[in-house]
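Engineer: model-v4.tsv is reproduced below (TSV, C-alpha atoms).
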chain	number	residue	atom	x	y	z
H	1	MET	CA	122.16	164.07	78.45
H	2	LYS	CA	123.95	165.76	75.53
H	3	ILE	CA	126.22	163.70	73.26
H	4	LEU	CA	128.46	164.93	70.43
H	5	VAL	CA	128.81	162.30	67.68
H	6	ILE	CA	131.74	162.34	65.22
H	7	ASN	CA	131.85	160.06	62.18
H	8	PRO	CA	134.69	160.61	59.66
H	9	GLY	CA	134.32	159.13	56.18
H	10	SER	CA	136.60	159.15	53.16
H	11	THR	CA	135.54	162.58	51.84
H	12	SER	CA	133.39	163.99	54.66
H	13	THR	CA	133.00	164.17	58.41
H	14	LYS	CA	129.51	163.82	59.85
H	15	ILE	CA	128.81	165.40	63.22
H	16	ALA	CA	125.62	165.42	65.26
H	17	VAL	CA	124.27	166.56	68.58
H	18	PHE	CA	122.06	164.09	70.42
H	19	GLU	CA	119.93	164.84	73.45
H	20	SER	CA	119.87	161.36	74.93
H	21	GLU	CA	118.76	159.24	71.92
H	22	LYS	CA	117.12	162.06	69.93
H	23	CYS	CA	119.10	163.89	67.23
H	24	ALA	CA	118.86	167.64	67.83
H	25	TRP	CA	121.23	168.75	65.04
H	26	GLN	CA	123.35	167.12	62.36
H	27	THR	CA	125.57	168.21	59.51
H	28	GLY	CA	128.05	166.76	57.06
H	29	ILE	CA	131.34	168.57	56.43
H	30	ARG	CA	132.56	167.95	52.88
H	31	HIS	CA	136.30	167.69	52.31
H	32	PRO	CA	137.17	168.55	48.66
H	33	ASP	CA	139.63	166.28	46.86
H	34	GLU	CA	142.02	169.18	46.29
H	35	GLU	CA	142.23	169.79	50.05
H	36	LEU	CA	142.59	166.12	51.01
H	37	GLY	CA	145.24	165.80	48.30
H	38	LEU	CA	147.53	168.03	50.35
H	39	PHE	CA	147.99	165.24	52.90
H	40	GLU	CA	150.25	162.27	52.24
H	41	ARG	CA	148.46	159.97	54.72
H	42	VAL	CA	144.95	159.87	56.15
H	43	ALA	CA	146.43	160.27	59.65
H	44	ASP	CA	147.89	163.62	58.56
H	45	GLN	CA	144.35	164.97	58.10
H	46	TYR	CA	143.78	165.03	61.87
H	47	ARG	CA	144.34	168.75	62.53
H	48	TYR	CA	142.53	169.77	59.33
H	49	ARG	CA	139.41	167.77	60.24
H	50	LEU	CA	139.52	168.76	63.91
H	51	GLU	CA	139.47	172.45	62.99
H	52	ALA	CA	136.59	171.83	60.56
H	53	VAL	CA	134.57	170.16	63.33
H	54	GLU	CA	135.28	173.02	65.75
H	55	ARG	CA	134.23	175.60	63.14
H	56	ALA	CA	130.98	173.79	62.40
H	57	LEU	CA	130.13	173.56	66.09
H	58	ALA	CA	130.91	177.23	66.68
H	59	GLU	CA	128.80	178.30	63.70
H	60	SER	CA	125.87	176.20	64.94
H	61	GLY	CA	126.08	177.65	68.45
H	62	HIS	CA	126.89	174.37	70.21
H	63	ALA	CA	129.47	175.02	72.94
H	64	LEU	CA	131.48	171.93	73.82
H	65	ASN	CA	131.43	172.71	77.52
H	66	GLY	CA	127.71	171.93	77.42
H	67	PHE	CA	128.16	168.26	76.46
H	68	ASP	CA	128.20	165.20	78.70
H	69	ALA	CA	130.27	162.93	76.44
H	70	LEU	CA	131.58	162.34	72.93
H	71	ALA	CA	130.93	159.32	70.69
H	72	ALA	CA	133.18	158.55	67.73
H	73	ARG	CA	133.16	155.98	64.99
H	74	GLY	CA	135.75	153.31	65.73
H	75	GLY	CA	138.48	152.73	63.16
H	76	LEU	CA	140.63	149.76	62.22
H	77	LEU	CA	141.59	148.29	65.58
H	78	LYS	CA	142.55	144.94	67.06
H	79	PRO	CA	139.80	142.28	67.28
H	80	LEU	CA	137.24	143.31	69.91
H	81	GLU	CA	133.94	142.04	71.22
H	82	GLY	CA	130.99	144.30	70.50
H	83	GLY	CA	130.24	147.17	72.83
H	84	THR	CA	131.15	150.71	73.88
H	85	TYR	CA	134.83	151.41	74.56
H	86	LEU	CA	136.44	154.25	76.45
H	87	ILE	CA	139.04	155.90	74.21
H	88	ASP	CA	142.44	155.40	75.84
H	89	ARG	CA	146.11	155.95	75.05
H	90	GLU	CA	146.72	152.44	73.68
H	91	MET	CA	143.81	152.84	71.24
H	92	LEU	CA	145.10	156.23	70.09
H	93	ASN	CA	148.62	154.85	69.62
H	94	ASP	CA	147.34	151.97	67.46
H	95	LEU	CA	145.29	154.37	65.35
H	96	ALA	CA	148.16	156.85	64.96
H	97	GLU	CA	150.47	154.03	63.81
H	98	CYS	CA	147.74	152.56	61.56
H	99	LYS	CA	148.73	149.28	63.22
H	100	TYR	CA	145.71	147.43	61.80
H	101	GLY	CA	145.22	149.45	58.62
H	102	GLU	CA	144.59	152.98	57.42
H	103	HIS	CA	141.11	154.44	56.96
H	104	ALA	CA	139.39	157.78	57.56
H	105	SER	CA	137.40	156.22	60.41
H	106	ASN	CA	140.69	156.00	62.35
H	107	LEU	CA	140.43	159.75	62.85
H	108	GLY	CA	137.16	159.55	64.81
H	109	ALA	CA	138.66	158.54	68.14
H	110	VAL	CA	141.64	160.88	67.68
H	111	ILE	CA	139.44	163.94	67.06
H	112	ALA	CA	137.03	163.02	69.86
H	113	SER	CA	139.89	162.47	72.31
H	114	SER	CA	141.39	165.86	71.53
H	115	LEU	CA	138.08	167.65	72.13
H	116	ALA	CA	137.30	165.56	75.21
H	117	GLU	CA	140.66	166.31	76.80
H	118	LYS	CA	140.25	170.03	76.14
H	119	TYR	CA	136.86	170.15	77.85
H	120	GLY	CA	137.26	167.42	80.47
H	121	LEU	CA	134.70	165.03	78.93
H	122	PRO	CA	134.65	161.24	78.50
H	123	ALA	CA	134.96	159.98	74.91
H	124	TYR	CA	133.99	156.58	73.50
H	125	ILE	CA	133.82	154.48	70.36
H	126	VAL	CA	131.03	151.97	69.67
H	127	ASP	CA	131.13	148.68	67.71
H	128	PRO	CA	134.12	149.30	65.41
H	129	VAL	CA	134.60	147.40	62.15
H	130	SER	CA	136.95	145.01	63.97
H	131	VAL	CA	134.21	143.57	66.21
H	132	ASP	CA	135.16	139.90	66.47
H	133	GLU	CA	132.76	137.45	68.11
H	134	PHE	CA	133.53	134.54	65.77
H	135	HIS	CA	133.04	131.03	66.97
H	136	ASP	CA	136.05	128.86	66.24
H	137	PRO	CA	134.96	127.13	62.98
H	138	ALA	CA	134.48	130.54	61.32
H	139	ARG	CA	138.20	131.32	61.55
H	140	PHE	CA	139.34	128.58	59.13
H	141	SER	CA	139.72	129.51	55.47
H	142	GLY	CA	141.39	126.41	54.04
H	143	LEU	CA	144.93	127.85	54.21
H	144	PRO	CA	146.67	128.31	57.57
H	145	GLU	CA	148.42	131.40	56.18
H	146	LEU	CA	145.05	133.05	55.48
H	147	PRO	CA	142.79	132.84	58.53
H	148	ARG	CA	139.37	134.44	58.14
H	149	VAL	CA	139.09	137.69	60.07
H	150	SER	CA	136.04	139.56	61.28
H	151	LYS	CA	135.78	142.93	59.50
H	152	SER	CA	132.28	144.19	58.80
H	153	HIS	CA	129.69	146.96	58.98
H	154	ALA	CA	129.37	146.05	62.66
H	155	LEU	CA	128.08	149.41	63.91
H	156	ASN	CA	124.97	149.48	61.75
H	157	MET	CA	124.40	145.72	61.82
H	158	ARG	CA	124.48	145.48	65.60
H	159	ALA	CA	122.19	148.52	65.84
H	160	VAL	CA	119.55	147.02	63.55
H	161	ALA	CA	119.89	143.64	65.30
H	162	ARG	CA	118.91	145.39	68.55
H	163	GLU	CA	116.03	147.12	66.75
H	164	ALA	CA	114.83	143.84	65.25
H	165	ALA	CA	114.93	142.18	68.67
H	166	SER	CA	112.83	145.03	70.09
H	167	LEU	CA	110.29	144.80	67.26
H	168	LYS	CA	109.98	141.04	67.78
H	169	GLY	CA	109.78	141.34	71.57
H	170	ILE	CA	112.82	139.13	72.10
H	171	PRO	CA	115.73	140.16	74.36
H	172	PRO	CA	118.79	141.13	72.24
H	173	ASP	CA	120.92	138.43	73.86
H	174	TRP	CA	118.39	135.70	73.03
H	175	ILE	CA	117.61	136.39	69.38
H	176	ASN	CA	119.05	134.54	66.35
H	177	LEU	CA	119.22	136.67	63.20
H	178	VAL	CA	120.80	136.84	59.78
H	179	VAL	CA	121.57	140.50	59.04
H	180	ALA	CA	122.55	141.70	55.56
H	181	HIS	CA	124.05	145.19	55.21
H	182	LEU	CA	123.63	146.25	51.57
H	183	GLY	CA	125.87	149.21	50.76
H	184	SER	CA	128.97	150.01	48.72
H	185	GLY	CA	130.18	146.83	50.39
H	186	ILE	CA	127.94	143.97	51.53
H	187	SER	CA	128.25	142.22	54.90
H	188	VAL	CA	126.02	139.27	55.83
H	189	ALA	CA	126.25	138.12	59.45
H	190	ALA	CA	124.89	135.36	61.65
H	191	PHE	CA	123.80	136.63	65.08
H	192	ALA	CA	123.47	133.86	67.67
H	193	ARG	CA	121.93	135.11	70.91
H	194	GLY	CA	123.06	138.61	70.03
H	195	LYS	CA	126.65	137.65	69.19
H	196	MET	CA	127.94	138.09	65.63
H	197	ILE	CA	129.49	134.63	65.33
H	198	ASP	CA	130.22	134.75	61.58
H	199	VAL	CA	130.29	137.40	58.86
H	200	ASN	CA	131.86	137.70	55.44
H	201	ASN	CA	134.65	140.24	55.08
H	202	ALA	CA	133.08	142.68	52.59
H	203	ASN	CA	136.48	143.49	51.07
H	204	ASN	CA	137.25	139.98	49.85
H	205	GLU	CA	134.40	137.55	50.55
H	206	GLY	CA	130.71	137.13	49.97
H	207	PRO	CA	128.47	138.85	47.39
H	208	PHE	CA	129.70	141.46	44.94
H	209	SER	CA	128.32	144.94	45.60
H	210	LEU	CA	128.27	148.41	44.07
H	211	GLU	CA	132.06	148.62	43.85
H	212	ARG	CA	133.54	145.48	45.46
H	213	CYS	CA	134.10	142.10	43.87
H	214	GLY	CA	133.28	139.92	46.87
H	215	GLY	CA	134.49	136.32	46.61
H	216	LEU	CA	136.32	135.47	43.37
H	217	PRO	CA	137.49	132.21	41.68
H	218	SER	CA	140.82	131.72	43.48
H	219	LEU	CA	143.01	130.17	40.76
H	220	ASP	CA	141.72	132.53	38.09
H	221	LEU	CA	142.43	135.46	40.43
H	222	VAL	CA	146.01	134.23	40.96
H	223	ASN	CA	146.49	133.99	37.18
H	224	LEU	CA	145.11	137.51	36.70
H	225	CYS	CA	147.45	138.88	39.38
H	226	TYR	CA	150.45	137.38	37.57
H	227	SER	CA	149.28	138.25	34.06
H	228	GLY	CA	151.32	141.46	33.95
H	229	LYS	CA	148.20	143.54	33.29
H	230	TYR	CA	148.02	145.04	36.76
H	231	THR	CA	150.32	146.15	39.57
H	232	GLY	CA	149.56	145.04	43.11
H	233	GLU	CA	147.98	148.43	43.90
H	234	GLU	CA	145.86	148.29	40.74
H	235	MET	CA	144.60	144.80	41.57
H	236	ALA	CA	143.68	145.84	45.12
H	237	ALA	CA	141.75	148.82	43.73
H	238	ARG	CA	140.09	146.56	41.17
H	239	ILE	CA	138.82	144.31	43.95
H	240	VAL	CA	137.53	146.91	46.43
H	241	LYS	CA	136.92	150.12	44.43
H	242	THR	CA	136.20	149.34	40.79
H	243	GLY	CA	134.66	145.86	40.96
H	244	GLY	CA	131.08	144.69	41.32
H	245	ILE	CA	128.30	146.67	39.66
H	246	TYR	CA	130.78	149.40	38.71
H	247	ALA	CA	132.89	146.89	36.75
H	248	TYR	CA	129.84	145.61	34.86
H	249	LEU	CA	127.89	148.83	34.32
H	250	GLY	CA	130.35	151.69	34.83
H	251	THR	CA	128.44	153.40	37.66
H	252	ARG	CA	128.21	153.35	41.45
H	253	ASP	CA	124.89	155.20	41.41
H	254	PHE	CA	122.33	152.54	42.28
H	255	ALA	CA	119.39	154.87	41.63
H	256	GLY	CA	120.74	155.21	38.11
H	257	VAL	CA	121.06	151.44	37.82
H	258	GLU	CA	117.41	151.06	38.84
H	259	GLU	CA	116.45	153.53	36.10
H	260	MET	CA	118.42	151.44	33.62
H	261	VAL	CA	116.51	148.32	34.69
H	262	ALA	CA	113.16	150.14	34.53
H	263	GLY	CA	114.05	151.35	31.04
H	264	GLY	CA	114.52	147.79	29.81
H	265	ASP	CA	118.31	147.51	30.00
H	266	GLU	CA	118.73	143.71	30.01
H	267	LYS	CA	122.37	143.73	31.10
H	268	ALA	CA	121.59	145.94	34.11
H	269	ARG	CA	118.70	143.65	35.07
H	270	ARG	CA	120.92	140.58	34.94
H	271	VAL	CA	123.69	142.21	37.00
H	272	VAL	CA	121.27	143.32	39.75
H	273	GLU	CA	119.62	139.91	39.76
H	274	ALA	CA	123.04	138.24	40.10
H	275	MET	CA	124.01	140.47	43.04
H	276	CYS	CA	120.73	139.70	44.82
H	277	TYR	CA	121.21	136.00	44.03
H	278	GLN	CA	124.62	136.08	45.73
H	279	VAL	CA	123.22	137.95	48.75
H	280	ALA	CA	120.48	135.31	49.09
H	281	LYS	CA	123.09	132.52	48.88
H	282	GLU	CA	125.08	134.16	51.67
H	283	ILE	CA	121.96	134.53	53.81
H	284	GLY	CA	121.27	130.85	53.24
H	285	ALA	CA	124.84	129.99	54.25
H	286	MET	CA	124.55	132.03	57.46
H	287	SER	CA	121.27	130.30	58.30
H	288	THR	CA	123.19	127.01	58.37
H	289	VAL	CA	125.65	128.62	60.83
H	290	LEU	CA	122.59	129.05	63.08
H	291	GLN	CA	121.55	125.45	62.34
H	292	GLY	CA	118.30	126.74	60.85
H	293	ARG	CA	117.15	128.33	64.11
H	294	VAL	CA	116.57	131.78	62.61
H	295	ASP	CA	114.15	134.21	64.27
H	296	GLY	CA	114.37	136.67	61.41
H	297	ILE	CA	116.31	138.01	58.44
H	298	VAL	CA	117.13	141.74	58.41
H	299	LEU	CA	117.94	143.74	55.27
H	300	THR	CA	119.64	147.08	55.96
H	301	GLY	CA	122.00	149.61	54.36
H	302	GLY	CA	121.45	152.00	51.46
H	303	MET	CA	120.31	149.44	48.89
H	304	ALA	CA	117.62	148.19	51.28
H	305	HIS	CA	115.67	151.27	50.16
H	306	SER	CA	115.33	149.58	46.76
H	307	ARG	CA	112.09	147.67	46.23
H	308	LEU	CA	113.77	145.81	43.38
H	309	VAL	CA	116.59	144.53	45.62
H	310	VAL	CA	114.35	143.74	48.59
H	311	ASP	CA	111.87	141.80	46.47
H	312	GLU	CA	114.59	139.83	44.65
H	313	ILE	CA	116.25	138.76	47.89
H	314	THR	CA	113.02	138.13	49.80
H	315	ALA	CA	111.71	135.83	47.09
H	316	ARG	CA	114.70	133.53	47.64
H	317	VAL	CA	115.05	133.59	51.45
H	318	SER	CA	111.58	134.06	52.96
H	319	PHE	CA	111.22	130.27	53.38
H	320	ILE	CA	114.00	130.46	56.01
H	321	ALA	CA	112.38	133.12	58.21
H	322	GLY	CA	110.43	136.35	58.03
H	323	VAL	CA	112.23	139.27	56.36
H	324	LEU	CA	112.42	142.61	58.17
H	325	VAL	CA	113.57	145.66	56.19
H	326	ILE	CA	115.33	148.42	58.16
H	327	PRO	CA	116.83	150.54	55.35
H	328	GLY	CA	119.66	153.04	55.51
H	329	GLU	CA	122.57	153.35	57.90
H	330	LYS	CA	121.94	154.14	61.57
H	331	GLU	CA	125.55	154.89	62.44
H	332	MET	CA	125.00	158.26	64.15
H	333	GLU	CA	122.09	156.95	66.23
H	334	ALA	CA	124.02	153.79	67.07
H	335	LEU	CA	127.01	155.78	68.31
H	336	ALA	CA	124.86	158.00	70.52
H	337	ARG	CA	122.82	155.10	71.90
H	338	GLY	CA	125.92	153.09	72.76
H	339	VAL	CA	127.23	155.95	74.90
H	340	VAL	CA	123.81	156.57	76.49
H	341	ARG	CA	123.60	152.89	77.49
H	342	VAL	CA	126.93	153.23	79.29
H	343	LEU	CA	126.16	156.57	80.94
H	344	THR	CA	122.80	155.30	82.21
H	345	GLY	CA	124.27	152.06	83.55
H	346	LYS	CA	122.42	149.80	81.12
H	347	GLU	CA	125.70	148.50	79.70
H	348	GLU	CA	129.22	148.10	81.10
H	349	VAL	CA	131.89	150.24	79.47
H	350	LYS	CA	134.72	148.24	77.89
H	351	PHE	CA	138.42	149.03	77.85
H	352	TYR	CA	140.74	148.72	74.86
H	353	GLY	CA	144.01	148.77	76.77
H	354	ARG	CA	144.94	148.18	80.38
H	355	ARG	CA	141.91	148.39	82.66
H	356	PRO	CA	142.00	151.29	85.12
H	357	ALA	CA	143.06	150.32	88.64
H	358	GLY	CA	140.05	149.63	90.84
H	359	SER	CA	137.62	149.17	87.95
H	360	ARG	CA	134.85	146.64	88.42
H	361	GLU	CA	136.24	144.60	85.52
H	362	GLU	CA	139.70	144.44	87.14
H	363	LYS	CA	138.21	143.34	90.46
H	364	ASN	CA	136.30	140.54	88.72
H	365	ASP	CA	139.41	139.14	87.02
Mind turning the file's structure into structure tokens?
Structural biologist:
Amino acid sequence: MKILVINPGSTSTKIAVFESEKCAWQTGIRHPDEELGLFERVADQYRYRLEAVERALAESGHALNGFDALAARGGLLKPLEGGTYLIDREMLNDLAECKYGEHASNLGAVIASSLAEKYGLPAYIVDPVSVDEFHDPARFSGLPELPRVSKSHALNMRAVAREAASLKGIPPDWINLVVAHLGSGISVAAFARGKMIDVNNANNEGPFSLERCGGLPSLDLVNLCYSGKYTGEEMAARIVKTGGIYAYLGTRDFAGVEEMVAGGDEKARRVVEAMCYQVAKEIGAMSTVLQGRVDGIVLTGGMAHSRLVVDEITARVSFIAGVLVIPGEKEMEALARGVVRVLTGKEEVKFYGRRPAGSREEKND
């Protein structure tokens, strides 16, 4: 079973060839700023990135007519339960219109669909950022105009939740976990019997991270917004691109930050400690969502490679449950495995738009 995986990011597009669940080949296509700057909108990059993917595949000797299916990273879509979705026209229309927001990941399904149509292959997305399995209390923010929404690093978090369940010998739909994704943004989620019933939105809630502010003092933020110092665009960038560790230390390079700490930089030590403190607080909060019935705590994402970060967080949360470290991002593997589960009948495919006539799901309605 041969799967082509496509994962567009802000300045690169990762592609990989999987033979069932084993990666046979992978590469990252870099997109220089001067080339991306030629496009007014991210959606306009579609043809440019598609041709780059086709070139890379041709140069590597992987003919598309030899694949069984395509798997693409899901973009900003309507709220969905977790799972593997067949790419359909309604999904493509929403992505083309940027109906739920604009991001490079929106191009994944569009590129995959174009290649799939050309070669007569099925194409899917798996666990997009809009996975929404919230239980009702999680939707209240305190202002009716501002309901909490589920936006997170769902693809990697759900993948490591499955891995943690396997390591613990508990079925994925029976395990209770708190999973913390520690990257340029930080998501901390409560998994109840495999469902992600609460998670902080890494763009405006929870711990600060490498470049995002996380939750901020509300009234002080309002005053800053109206201070005349920043435009709306500048404030948005301040919150999600130039906040967090970057705002305090002037760098997004966490390896460099660790070197600063090791060299005795007291400010760097305090900033890292504060970030880990906030992560631990969020883990504690999510453990109350699970009413203390926590089978394990999982630390994942790029910063989970850091012994400093892992030790700081573990020291504060290990009394809740055992801590399992699964570092890095498993996005490519997660995309391939989601499609393999569907193709082998281990998981039902889901539909974004209208269900095809005669489908099992339609008959069960």
Engineer: Go through stretch 19-51 of chain H and flag each residue having an atom no more than 9 Å from stretch 327-344 of chain H; for those, report the closest pair of atoms plus their distance in Å to one decimal, using all atoms listed in the file, ordered by chain and rising number, as JSON lines.
Structural biologist:
{"residue": "H:Glu19", "atom": "CA", "partner": "H:Ala336", "partner_atom": "CA", "distance": 8.9}
{"residue": "H:Ser20", "atom": "CA", "partner": "H:Val340", "partner_atom": "CA", "distance": 6.4}
{"residue": "H:Glu21", "atom": "CA", "partner": "H:Arg337", "partner_atom": "CA", "distance": 5.8}
{"residue": "H:Lys22", "atom": "CA", "partner": "H:Glu333", "partner_atom": "CA", "distance": 8.0}
{"residue": "H:Cys23", "atom": "CA", "partner": "H:Glu333", "partner_atom": "CA", "distance": 7.6}
Engineer: Around (144.6, 153.4, 65.9), as given in the file, which residues come within 9 Å? Count all atoms listed in the file and list them as a short mmCIF file (atom, residue, chain, number, x, y, z; two decimals) with C-alpha atoms, keeping the file's coordinate frame.
Structural biologist:
data_model
loop_
_atom_site.label_atom_id
_atom_site.label_comp_id
_atom_site.auth_asym_id
_atom_site.auth_seq_id
_atom_site.Cartn_x
_atom_site.Cartn_y
_atom_site.Cartn_z
CA GLY H 74 135.75 153.31 65.73
CA GLY H 75 138.48 152.73 63.16
CA LEU H 76 140.63 149.76 62.22
CA LEU H 77 141.59 148.29 65.58
CA LYS H 78 142.55 144.94 67.06
CA GLU H 90 146.72 152.44 73.68
CA MET H 91 143.81 152.84 71.24
CA LEU H 92 145.10 156.23 70.09
CA ASN H 93 148.62 154.85 69.62
CA ASP H 94 147.34 151.97 67.46
CA LEU H 95 145.29 154.37 65.35
CA ALA H 96 148.16 156.85 64.96
CA GLU H 97 150.47 154.03 63.81
CA CYS H 98 147.74 152.56 61.56
CA LYS H 99 148.73 149.28 63.22
CA TYR H 100 145.71 147.43 61.80
CA GLY H 101 145.22 149.45 58.62
CA GLU H 102 144.59 152.98 57.42
CA ASN H 106 140.69 156.00 62.35
CA LEU H 107 140.43 159.75 62.85
CA ALA H 109 138.66 158.54 68.14
CA VAL H 110 141.64 160.88 67.68
#
Engineer: Using all atoms listed in the file, which of the listed residues (H:Asp198, H:Leu4, H:Asn223, H:Phe254) sits closest to H:Glu211?
Structural biologist: H:Phe254
Engineer: Env of H:Ser60: 10 Å cut, atoms = all atoms listed in the file, seq-sep filter 5 positions within chain, self excluded. Answer as number ranges by chain.
Structural biologist: H: 25-27, 54-55
Engineer: What are the nearest atom pairs, with distances in Å to one decimal, for all residues of stretch 252-348 of chain H that come at most 12 Å from stretch 186-197 of chain H, using only C-alpha atoms, set out by chain and rising residue number as JSON lines?
Structural biologist:
{"residue": "H:Met275", "atom": "CA", "partner": "H:Ile186", "partner_atom": "CA", "distance": 10.0}
{"residue": "H:Cys276", "atom": "CA", "partner": "H:Ile186", "partner_atom": "CA", "distance": 10.7}
{"residue": "H:Gln278", "atom": "CA", "partner": "H:Ile186", "partner_atom": "CA", "distance": 10.3}
{"residue": "H:Val279", "atom": "CA", "partner": "H:Val188", "partner_atom": "CA", "distance": 7.7}
{"residue": "H:Ala280", "atom": "CA", "partner": "H:Val188", "partner_atom": "CA", "distance": 9.6}
{"residue": "H:Lys281", "atom": "CA", "partner": "H:Val188", "partner_atom": "CA", "distance": 10.1}
{"residue": "H:Glu282", "atom": "CA", "partner": "H:Val188", "partner_atom": "CA", "distance": 6.7}
{"residue": "H:Ile283", "atom": "CA", "partner": "H:Val188", "partner_atom": "CA", "distance": 6.6}
{"residue": "H:Gly284", "atom": "CA", "partner": "H:Val188", "partner_atom": "CA", "distance": 10.0}
{"residue": "H:Ala285", "atom": "CA", "partner": "H:Ala190", "partner_atom": "CA", "distance": 9.1}
{"residue": "H:Met286", "atom": "CA", "partner": "H:Ala190", "partner_atom": "CA", "distance": 5.4}
{"residue": "H:Ser287", "atom": "CA", "partner": "H:Ala190", "partner_atom": "CA", "distance": 7.1}
{"residue": "H:Thr288", "atom": "CA", "partner": "H:Ala190", "partner_atom": "CA", "distance": 9.1}
{"residue": "H:Val289", "atom": "CA", "partner": "H:Ala190", "partner_atom": "CA", "distance": 6.8}
{"residue": "H:Leu290", "atom": "CA", "partner": "H:Ala192", "partner_atom": "CA", "distance": 6.7}
{"residue": "H:Gln291", "atom": "CA", "partner": "H:Ala192", "partner_atom": "CA", "distance": 10.1}
{"residue": "H:Gly292", "atom": "CA", "partner": "H:Ala190", "partner_atom": "CA", "distance": 10.9}
{"residue": "H:Arg293", "atom": "CA", "partner": "H:Ala192", "partner_atom": "CA", "distance": 9.1}
{"residue": "H:Val294", "atom": "CA", "partner": "H:Ala192", "partner_atom": "CA", "distance": 8.8}
{"residue": "H:Asp295", "atom": "CA", "partner": "H:Ala192", "partner_atom": "CA", "distance": 9.9}
{"residue": "H:Gly296", "atom": "CA", "partner": "H:Phe191", "partner_atom": "CA", "distance": 10.1}
{"residue": "H:Ile297", "atom": "CA", "partner": "H:Ala190", "partner_atom": "CA", "distance": 9.5}
{"residue": "H:Val298", "atom": "CA", "partner": "H:Val188", "partner_atom": "CA", "distance": 9.6}
{"residue": "H:Leu299", "atom": "CA", "partner": "H:Val188", "partner_atom": "CA", "distance": 9.3}
{"residue": "H:Thr300", "atom": "CA", "partner": "H:Ile186", "partner_atom": "CA", "distance": 9.9}
{"residue": "H:Gly301", "atom": "CA", "partner": "H:Ile186", "partner_atom": "CA", "distance": 8.7}
{"residue": "H:Gly302", "atom": "CA", "partner": "H:Ile186", "partner_atom": "CA", "distance": 10.3}
{"residue": "H:Met303", "atom": "CA", "partner": "H:Ile186", "partner_atom": "CA", "distance": 9.8}
{"residue": "H:Ala304", "atom": "CA", "partner": "H:Ile186", "partner_atom": "CA", "distance": 11.2}
Engineer: When you look at H:Gly83 with a cut-off of 10 Å (counting all atoms listed in the file), what residues show up, excluding the ones that are within fewer than 2 positions of it in the same chain? I need them as a list in words.
Structural biologist: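 The filter keeps Leu80, Glu81, Tyr85, Ile125, Val126, Asp127, Pro128, Val131, Leu155, Arg158, Gly338, Val339, Arg341, Val342, Glu347, Glu348, Val349, Lys350 and Phe351 of chain H.
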Engineer: Quick one: residues within 12 Å of (130.9, 166.3, 59.2) (file frame), counting only C-alpha atoms, please, as number ranges by chain.
Structural biologist: H: 4-17, 25-31, 49-57, 72, 108, 111, 332
Engineer: Now that the selection is made, can you save its residues with C-alpha atoms as an mmCIF file, in the coordinates of the input?
Structural biologist:
data_model
loop_
_atom_site.group_PDB
_atom_site.id
_atom_site.type_symbol
_atom_site.label_atom_id
_atom_site.label_comp_id
_atom_site.auth_asym_id
_atom_site.auth_seq_id
_atom_site.Cartn_x
_atom_site.Cartn_y
_atom_site.Cartn_z
ATOM 1 C CA LEU H 4 128.460 164.930 70.430
ATOM 2 C CA VAL H 5 128.810 162.300 67.680
ATOM 3 C CA ILE H 6 131.740 162.340 65.220
ATOM 4 C CA ASN H 7 131.850 160.060 62.180
ATOM 5 C CA PRO H 8 134.690 160.610 59.660
ATOM 6 C CA GLY H 9 134.320 159.130 56.180
ATOM 7 C CA SER H 10 136.600 159.150 53.160
ATOM 8 C CA THR H 11 135.540 162.580 51.840
ATOM 9 C CA SER H 12 133.390 163.990 54.660
ATOM 10 C CA THR H 13 133.000 164.170 58.410
ATOM 11 C CA LYS H 14 129.510 163.820 59.850
ATOM 12 C CA ILE H 15 128.810 165.400 63.220
ATOM 13 C CA ALA H 16 125.620 165.420 65.260
ATOM 14 C CA VAL H 17 124.270 166.560 68.580
ATOM 15 C CA TRP H 25 121.230 168.750 65.040
ATOM 16 C CA GLN H 26 123.350 167.120 62.360
ATOM 17 C CA THR H 27 125.570 168.210 59.510
ATOM 18 C CA GLY H 28 128.050 166.760 57.060
ATOM 19 C CA ILE H 29 131.340 168.570 56.430
ATOM 20 C CA ARG H 30 132.560 167.950 52.880
ATOM 21 C CA HIS H 31 136.300 167.690 52.310
ATOM 22 C CA ARG H 49 139.410 167.770 60.240
ATOM 23 C CA LEU H 50 139.520 168.760 63.910
ATOM 24 C CA GLU H 51 139.470 172.450 62.990
ATOM 25 C CA ALA H 52 136.590 171.830 60.560
ATOM 26 C CA VAL H 53 134.570 170.160 63.330
ATOM 27 C CA GLU H 54 135.280 173.020 65.750
ATOM 28 C CA ARG H 55 134.230 175.600 63.140
ATOM 29 C CA ALA H 56 130.980 173.790 62.400
ATOM 30 C CA LEU H 57 130.130 173.560 66.090
ATOM 31 C CA ALA H 72 133.180 158.550 67.730
ATOM 32 C CA GLY H 108 137.160 159.550 64.810
ATOM 33 C CA ILE H 111 139.440 163.940 67.060
ATOM 34 C CA MET H 332 125.000 158.260 64.150
#
Engineer: Could you jot down the atom CA of H:Ala112 to atom CA of H:Phe134 separation for me, Å, one decimal place?
Structural biologist: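 So the answer is 29.0 Å.
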Engineer: Where does stretch 121-220 of chain H meet stretch 239-253 of chain H within 6 Å, residue by residue, with the nearest atom pair and distance in Å to one decimal for each, counting all atoms listed in the file, listed by chain and rising number, as a Markdown table?
Structural biologist:
| residue | atom | partner | partner_atom | distance |
| --- | --- | --- | --- | --- |
| H:Asn203 | CA | H:Val240 | CA | 5.9 |
| H:Phe208 | CA | H:Gly244 | CA | 5.0 |
| H:Ser209 | CA | H:Gly244 | CA | 5.1 |
| H:Leu210 | CA | H:Ile245 | CA | 4.7 |
| H:Glu211 | CA | H:Gly243 | CA | 4.8 |
| H:Arg212 | CA | H:Val240 | CA | 4.3 |
| H:Cys213 | CA | H:Gly244 | CA | 4.7 |
